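Participant: Please see the structure below; I have some questions.
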Amino acid sequence: MNFRNSMSTSMMAFVLGTMTAAQALANDAVDGTKVTFTKDVLPILQENCQDCHRTGGANLGGMVAPMAFVTYQEVRPWAKAIAKEVQARNMPPWDASPEFQGVFKNERSLTEDEIATLVAWAATGAANGNPNDAPQPLTFPESGGWQIGTPDLVVEMPEKYFVADDVEDLYITFNVELTEEQLPEDRYIKAIEFRPGSSVVHHIISDPLGGLAPGNDPTVFADGYYQELRKGTAVSFQMHYHKEPGPGTGVWDRSSAAVKFYPKGEKPEHQIRTAVLGHMDFKIPAGDSNYTDTIEESFDQDIEIISFSPHMHLRGKSAQYRAKYADGNVKSLLDVPNYDFNWQTSYEFNDPPVLPAGTKVHLTMAWDNSADNPHNPDPTKEVVFGQPTTAEMMFGFMRFAYLEEPEESEVDAAALTAFVGTYKFDVRGGTSFTISLKGGKLMADFPGNPPFPIASKAKDQFEFALASMVLNFKRNDDDDVDAVVMHNQGDVHRATKVKKE
Ligand code: HEC
């Protein structure tokens, strides 16, 4: 037997092998144990599908399942489509590679047996079966209820906003300053849930609440882990609206976020921080089917990783996070081999991996800018960083906590006000930007971009790590801050303070 023959023999065996699973189940039909909706299918749908596939089902960042899978009448017409989607592993939506089964607590996946059952049901006539076999219907929180339970605080966009008929992609930021009444004192956050106010919300980025992307579940921190919400904080809603433009497509939106706190007086031990791994200076050549970019960030204290959320746009192809230990060992932490822009999942670890001090987190992202990528709006274009979905992003969000909280080395707020003000670039016709203080953090606000936080690095020195931008503030003889010199990937720009706040 030559090589080619033995190949096809083993392929045959493979095909027969998969057929036997469905066939065996189909044969059961003959001896009276036919696969039925009530006995076999409904329990699988309840456990894996109804969260989304029901009336008023989960709206995960604008992804709402178009049909309910609750009653036999509802499911029956979809039997074949269900078989197809689960075999192709398109449903339930989950993009981590199979080797990570059991690693993430928000995993959605079916076992081989469950897939075989759904396939066999569709292949054998999709019978209802004995109504007495059916499990109790699931009960879901009242529609209008929050999945995190009754919130302690709901923050809404300040007013309704009309996303006009001609809008396709729109980025707009709303800020809501928390009043004394809403938040009289600093509190520790336990859970956050965003609610899009309309179907045209594509994603929301919020400082400091995180945000909402398609397919995200609410964020619930493990006991003992918190994010702080300070009184007087301005909560931002950086909205990305996306829809087909056209007459009559305009929609009102007022999105909101709900927050649950730890009980007053309880100080959880671990503060959750977010690192953003990525570059903003990549160029993806036209037609390139596998453009990759990598970045690594080292952590000089012991950390544990809470979650990863890779974010790219329509040309996003894959993402891998790895740990590179000081001794040279490398371990895969998350592999998303087929990134799907529609499902921007946050991968939440069951058992947070611990990285000893000195470990680097290495991120590789890949894009497909070829005509073979069905989502590619234009394979003839070189693509750079940008807000619209037709431009690209490289954001490897990572939530983590220090095993031991570092000594508070906080620069006090009074000292930070020295940097606040409006600055104007010294080049002719220079534009201006502002540095402001919100919730105890300095924010840089450049026209046309959402405000971003800058972190203290050394005396009078701040950085925006994502764009590898360093800001060195200068003082005059009276020790007042009067200018800033910005270093950004080889470019140096000086700006003079023109107005104090
Ligand atoms: C996290 C929410 C979610 C879960 C869980 C989920 N679905 Fe879906 N499903 C969707 C959304 C949203 C759509 C429509 C958009 C799309 O196709 O991606 C969809 C579409 C479908 C379709 C139609 C595909 C087509 O267009 O022909 C089928 C069939 C389907 N789901 C089956 C299932 C089954 C079976 C399960 C459980 C094993 C499941 N889904 C779990 C959200 C979900």
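Each chain of the structure tokens is named A, B, ... in the order shown, its residues numbered from 1; ligands are numbered from 1 in display order.
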Would you list the residues that come within 8 Å of ligand 1? Count only C-alpha atoms and all ligand atoms and give the answer as a PyMOL selection string.
Facilitator: chain A and resi 44-45+47-53+58+60+63-67+78-86+90-93+108-110+118+215+342
Participant: Need to verify the contact set: Gln46 (chain A), 10 Å, only C-alpha atoms, exclusion of same-chain residues closer than 6 positions in sequence. Can you return it as a VMD selection string?
Facilitator: chain A and resid 53 to 54 69 to 70 135 to 138
Participant: Counting only C-alpha atoms, what is within 10 Å of Thr431 (chain A), bar same-chain residues fewer than 4 positions away, as number ranges by chain?
Facilitator: A: 423-427, 446-447, 495
Participant: What parts of region 332-386 of chain A does DSSP call strand (DSSP E or B)? I'd like the answer as a PyMOL selection string.
Facilitator: chain A and resi 332-336+347-349+354-355+360-367+383-385
Participant: With a cut-off of 6 Å, could you pull out the residues of region 220-288 of chain A touching region 382-402 of chain A and give me the nearest pair of atoms for each, distance in Å to one decimal, using only C-alpha atoms, ordered by chain and ascending number, as a Markdown table?
Facilitator:
| residue | atom | partner | partner_atom | distance |
| --- | --- | --- | --- | --- |
| A:Gln271 | CA | A:Ala401 | CA | 6.0 |
| A:Ile272 | CA | A:Ala401 | CA | 4.9 |
| A:Arg273 | CA | A:Phe400 | CA | 5.4 |
| A:Thr274 | CA | A:Arg399 | CA | 4.4 |
| A:Ala275 | CA | A:Met398 | CA | 5.2 |
| A:Val276 | CA | A:Phe397 | CA | 4.6 |
| A:Leu277 | CA | A:Gly396 | CA | 4.7 |
| A:Gly278 | CA | A:Phe395 | CA | 5.0 |
| A:Met280 | CA | A:Phe385 | CA | 5.5 |
| A:Lys283 | CA | A:Val384 | CA | 5.0 |
| A:Ile284 | CA | A:Val383 | CA | 5.0 |
| A:Pro285 | CA | A:Glu382 | CA | 4.7 |
| A:Ala286 | CA | A:Glu382 | CA | 4.5 |
Participant: The selected residues should be written to file as a PDB file, in the first residue's frame (atoms: N, CA and C atoms).
Facilitator:
ATOM      1  N   GLN A 271      -6.444  45.150  44.616  1.00  0.00           N
ATOM      2  CA  GLN A 271      -6.940  46.082  43.622  1.00  0.00           C
ATOM      3  C   GLN A 271      -6.677  45.536  42.219  1.00  0.00           C
ATOM      4  N   ILE A 272      -7.708  45.569  41.383  1.00  0.00           N
ATOM      5  CA  ILE A 272      -7.551  45.106  40.007  1.00  0.00           C
ATOM      6  C   ILE A 272      -7.102  46.267  39.136  1.00  0.00           C
ATOM      7  N   ARG A 273      -6.056  46.023  38.369  1.00  0.00           N
ATOM      8  CA  ARG A 273      -5.512  47.045  37.472  1.00  0.00           C
ATOM      9  C   ARG A 273      -5.624  46.551  36.041  1.00  0.00           C
ATOM     10  N   THR A 274      -5.555  47.473  35.100  1.00  0.00           N
ATOM     11  CA  THR A 274      -5.619  47.086  33.697  1.00  0.00           C
ATOM     12  C   THR A 274      -4.337  47.503  32.992  1.00  0.00           C
ATOM     13  N   ALA A 275      -3.719  46.563  32.326  1.00  0.00           N
ATOM     14  CA  ALA A 275      -2.588  46.891  31.458  1.00  0.00           C
ATOM     15  C   ALA A 275      -3.097  46.804  30.029  1.00  0.00           C
ATOM     16  N   VAL A 276      -2.614  47.693  29.185  1.00  0.00           N
ATOM     17  CA  VAL A 276      -2.999  47.656  27.776  1.00  0.00           C
ATOM     18  C   VAL A 276      -1.747  47.415  26.951  1.00  0.00           C
ATOM     19  N   LEU A 277      -1.641  46.210  26.398  1.00  0.00           N
ATOM     20  CA  LEU A 277      -0.486  45.889  25.562  1.00  0.00           C
ATOM     21  C   LEU A 277      -0.829  46.233  24.117  1.00  0.00           C
ATOM     22  N   GLY A 278       0.056  46.921  23.435  1.00  0.00           N
ATOM     23  CA  GLY A 278      -0.246  47.211  22.037  1.00  0.00           C
ATOM     24  C   GLY A 278       0.632  48.293  21.461  1.00  0.00           C
ATOM     25  N   MET A 280       0.463  51.655  18.426  1.00  0.00           N
ATOM     26  CA  MET A 280      -0.412  52.467  17.590  1.00  0.00           C
ATOM     27  C   MET A 280       0.301  52.838  16.294  1.00  0.00           C
ATOM     28  N   LYS A 283       1.735  49.404  10.464  1.00  0.00           N
ATOM     29  CA  LYS A 283       1.212  49.630   9.101  1.00  0.00           C
ATOM     30  C   LYS A 283       0.977  48.263   8.485  1.00  0.00           C
ATOM     31  N   ILE A 284      -0.261  47.942   8.154  1.00  0.00           N
ATOM     32  CA  ILE A 284      -0.570  46.637   7.577  1.00  0.00           C
ATOM     33  C   ILE A 284      -0.637  46.788   6.063  1.00  0.00           C
ATOM     34  N   PRO A 285       0.295  46.152   5.346  1.00  0.00           N
ATOM     35  CA  PRO A 285       0.315  46.344   3.893  1.00  0.00           C
ATOM     36  C   PRO A 285      -0.968  45.851   3.229  1.00  0.00           C
ATOM     37  N   ALA A 286      -1.330  46.484   2.114  1.00  0.00           N
ATOM     38  CA  ALA A 286      -2.493  46.057   1.335  1.00  0.00           C
ATOM     39  C   ALA A 286      -2.316  44.597   0.942  1.00  0.00           C
TER      40      ALA A 286
END
Participant: Using only C-alpha atoms for the distances, tell me which of A:Ala127, A:Val75, A:Ile295, A:Ile454 is nearest to Thr33 (chain A).
Facilitator: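 Among A:Ala127, A:Val75, A:Ile295, A:Ile454, it is A:Ala127 that comes nearest to Thr33 (chain A).
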Participant: So that each row is one residue of region 153-205 of chain A with an atom at most 6 Å from region 243-262 of chain A, can you give its shortest atom pair and the distance in Å to one decimal, using only C-alpha atoms, rows by chain and rising number, as JSON lines?
Facilitator:
{"residue": "A:Leu153", "atom": "CA", "partner": "A:Val259", "partner_atom": "CA", "distance": 5.2}
{"residue": "A:Val154", "atom": "CA", "partner": "A:Ala258", "partner_atom": "CA", "distance": 4.3}
{"residue": "A:Val155", "atom": "CA", "partner": "A:Ala257", "partner_atom": "CA", "distance": 5.2}
{"residue": "A:Glu156", "atom": "CA", "partner": "A:Ser256", "partner_atom": "CA", "distance": 4.1}
{"residue": "A:Met157", "atom": "CA", "partner": "A:Arg254", "partner_atom": "CA", "distance": 5.7}
{"residue": "A:Lys160", "atom": "CA", "partner": "A:Arg254", "partner_atom": "CA", "distance": 4.8}
{"residue": "A:Tyr161", "atom": "CA", "partner": "A:Asp253", "partner_atom": "CA", "distance": 5.2}
{"residue": "A:Phe162", "atom": "CA", "partner": "A:Trp252", "partner_atom": "CA", "distance": 4.4}
{"residue": "A:Val163", "atom": "CA", "partner": "A:Val251", "partner_atom": "CA", "distance": 5.2}
{"residue": "A:Ala164", "atom": "CA", "partner": "A:Gly250", "partner_atom": "CA", "distance": 4.5}
{"residue": "A:Asp165", "atom": "CA", "partner": "A:Gly250", "partner_atom": "CA", "distance": 4.2}
{"residue": "A:Asp166", "atom": "CA", "partner": "A:Pro245", "partner_atom": "CA", "distance": 4.8}
{"residue": "A:Val167", "atom": "CA", "partner": "A:Pro245", "partner_atom": "CA", "distance": 5.3}
{"residue": "A:Glu168", "atom": "CA", "partner": "A:Lys243", "partner_atom": "CA", "distance": 5.1}
{"residue": "A:Tyr188", "atom": "CA", "partner": "A:Phe261", "partner_atom": "CA", "distance": 5.5}
{"residue": "A:Ile189", "atom": "CA", "partner": "A:Phe261", "partner_atom": "CA", "distance": 4.4}
{"residue": "A:Lys190", "atom": "CA", "partner": "A:Phe261", "partner_atom": "CA", "distance": 5.0}
{"residue": "A:Ala191", "atom": "CA", "partner": "A:Lys260", "partner_atom": "CA", "distance": 5.0}
{"residue": "A:Ile192", "atom": "CA", "partner": "A:Val259", "partner_atom": "CA", "distance": 4.7}
{"residue": "A:Glu193", "atom": "CA", "partner": "A:Ala258", "partner_atom": "CA", "distance": 5.2}
{"residue": "A:Phe194", "atom": "CA", "partner": "A:Ala257", "partner_atom": "CA", "distance": 4.2}
{"residue": "A:Arg195", "atom": "CA", "partner": "A:Ser256", "partner_atom": "CA", "distance": 5.3}
{"residue": "A:Pro196", "atom": "CA", "partner": "A:Ser255", "partner_atom": "CA", "distance": 4.6}
{"residue": "A:Gly197", "atom": "CA", "partner": "A:Ser255", "partner_atom": "CA", "distance": 4.0}
{"residue": "A:Ser198", "atom": "CA", "partner": "A:Asp253", "partner_atom": "CA", "distance": 5.3}
{"residue": "A:Val200", "atom": "CA", "partner": "A:Lys243", "partner_atom": "CA", "distance": 5.8}
Participant: Given only C-alpha atoms as the basis, pick out the residue of A:Ser432, A:Leu471, A:Leu437, A:Ala483 nearest to Ala413 (chain A).
Facilitator: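 Looking only at the distances to Ala413 (chain A), the closest residue turns out to be A:Leu437.
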Participant: Could you write out, as a ChimeraX atom specification, all the residues of region 104-327 of chain A that DSSP marks as helix (DSSP H, G or I)?
Facilitator: /A:112-123,131-133
Participant: Produce a file of the selected residues containing N, CA and C atoms, as a PDB file, in the first residue's frame.
Facilitator:
ATOM      1  N   GLU A 112     -18.354  16.901  22.791  1.00  0.00           N
ATOM      2  CA  GLU A 112     -18.566  16.122  21.568  1.00  0.00           C
ATOM      3  C   GLU A 112     -19.918  15.415  21.608  1.00  0.00           C
ATOM      4  N   ASP A 113     -20.272  14.867  22.785  1.00  0.00           N
ATOM      5  CA  ASP A 113     -21.552  14.154  22.926  1.00  0.00           C
ATOM      6  C   ASP A 113     -22.734  15.082  22.678  1.00  0.00           C
ATOM      7  N   GLU A 114     -22.636  16.289  23.243  1.00  0.00           N
ATOM      8  CA  GLU A 114     -23.744  17.233  23.067  1.00  0.00           C
ATOM      9  C   GLU A 114     -23.910  17.606  21.594  1.00  0.00           C
ATOM     10  N   ILE A 115     -22.779  17.810  20.913  1.00  0.00           N
ATOM     11  CA  ILE A 115     -22.845  18.128  19.485  1.00  0.00           C
ATOM     12  C   ILE A 115     -23.484  16.962  18.724  1.00  0.00           C
ATOM     13  N   ALA A 116     -23.027  15.724  19.040  1.00  0.00           N
ATOM     14  CA  ALA A 116     -23.563  14.532  18.359  1.00  0.00           C
ATOM     15  C   ALA A 116     -25.070  14.413  18.595  1.00  0.00           C
ATOM     16  N   THR A 117     -25.534  14.742  19.799  1.00  0.00           N
ATOM     17  CA  THR A 117     -26.964  14.644  20.101  1.00  0.00           C
ATOM     18  C   THR A 117     -27.765  15.626  19.252  1.00  0.00           C
ATOM     19  N   LEU A 118     -27.300  16.886  19.177  1.00  0.00           N
ATOM     20  CA  LEU A 118     -28.032  17.891  18.398  1.00  0.00           C
ATOM     21  C   LEU A 118     -28.047  17.513  16.913  1.00  0.00           C
ATOM     22  N   VAL A 119     -26.912  16.984  16.435  1.00  0.00           N
ATOM     23  CA  VAL A 119     -26.817  16.596  15.022  1.00  0.00           C
ATOM     24  C   VAL A 119     -27.753  15.420  14.746  1.00  0.00           C
ATOM     25  N   ALA A 120     -27.745  14.439  15.646  1.00  0.00           N
ATOM     26  CA  ALA A 120     -28.583  13.255  15.453  1.00  0.00           C
ATOM     27  C   ALA A 120     -30.061  13.627  15.506  1.00  0.00           C
ATOM     28  N   TRP A 121     -30.402  14.556  16.372  1.00  0.00           N
ATOM     29  CA  TRP A 121     -31.810  14.982  16.479  1.00  0.00           C
ATOM     30  C   TRP A 121     -32.288  15.561  15.142  1.00  0.00           C
ATOM     31  N   ALA A 122     -31.473  16.440  14.570  1.00  0.00           N
ATOM     32  CA  ALA A 122     -31.851  17.053  13.288  1.00  0.00           C
ATOM     33  C   ALA A 122     -31.917  16.002  12.180  1.00  0.00           C
ATOM     34  N   ALA A 123     -31.005  15.002  12.262  1.00  0.00           N
ATOM     35  CA  ALA A 123     -30.911  14.005  11.193  1.00  0.00           C
ATOM     36  C   ALA A 123     -32.019  12.959  11.271  1.00  0.00           C
ATOM     37  N   PRO A 131     -43.779  14.797  26.391  1.00  0.00           N
ATOM     38  CA  PRO A 131     -43.729  16.082  27.115  1.00  0.00           C
ATOM     39  C   PRO A 131     -43.290  15.899  28.576  1.00  0.00           C
ATOM     40  N   ASN A 132     -43.559  14.717  29.138  1.00  0.00           N
ATOM     41  CA  ASN A 132     -43.188  14.500  30.544  1.00  0.00           C
ATOM     42  C   ASN A 132     -41.680  14.388  30.751  1.00  0.00           C
ATOM     43  N   ASP A 133     -40.946  14.183  29.656  1.00  0.00           N
ATOM     44  CA  ASP A 133     -39.483  14.119  29.768  1.00  0.00           C
ATOM     45  C   ASP A 133     -38.840  15.492  29.929  1.00  0.00           C
TER      46      ASP A 133
END
Participant: Measuring atom to atom with only C-alpha atoms, identify which of A:Ile435, A:Val235, A:Val35, A:Val201 is nearest to Asp169 (chain A).
Facilitator: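 Answer, going by the shortest atom-to-atom distance: A:Val201.
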Participant: Identify, on the basis of only C-alpha atoms, every residue whose closest approach to region 358-366 of chain A does not exceed 9 Å; exclude the query and any residue fewer than 5 positions from it along the same chain; express the result as a short mmCIF file (atom, residue, chain, number, x, y, z; two decimals) with C-alpha atoms, in the first residue's frame.
Facilitator:
data_model
loop_
_atom_site.label_atom_id
_atom_site.label_comp_id
_atom_site.auth_asym_id
_atom_site.auth_seq_id
_atom_site.Cartn_x
_atom_site.Cartn_y
_atom_site.Cartn_z
CA LEU A 277 -0.49 45.89 25.56
CA GLY A 278 -0.25 47.21 22.04
CA SER A 289 -2.98 37.84 4.65
CA ASN A 290 -0.91 37.41 7.78
CA TYR A 291 0.58 40.62 9.13
CA THR A 292 1.79 40.20 12.70
CA ASP A 293 2.91 42.56 15.41
CA THR A 294 4.23 41.66 18.84
CA ILE A 295 4.81 43.46 22.10
CA GLU A 296 5.90 42.42 25.55
CA GLU A 297 5.51 43.99 28.91
CA SER A 298 7.46 42.96 31.97
CA PHE A 299 6.10 43.01 35.47
CA ASP A 300 8.57 43.63 38.26
CA GLN A 301 6.36 42.26 41.02
CA ASP A 302 4.44 38.99 41.44
CA PRO A 310 -7.96 41.07 22.81
CA MET A 312 -8.82 44.35 16.95
CA ARG A 315 -9.10 42.60 9.78
CA GLY A 316 -8.26 41.02 13.15
CA LYS A 317 -7.20 37.39 12.66
CA SER A 318 -5.67 35.90 15.79
CA ALA A 319 -4.23 36.72 19.19
CA GLN A 320 -1.87 34.85 21.50
CA TYR A 321 -0.80 35.79 24.98
CA ARG A 322 2.26 34.01 26.39
CA ALA A 323 4.21 34.18 29.63
CA LYS A 324 7.99 34.36 29.20
CA TYR A 325 9.54 33.42 32.52
CA ALA A 326 12.89 34.74 33.71
CA ASP A 327 14.38 31.22 33.33
CA MET A 394 -3.98 46.49 18.59
CA GLY A 396 -4.38 43.49 24.35
#
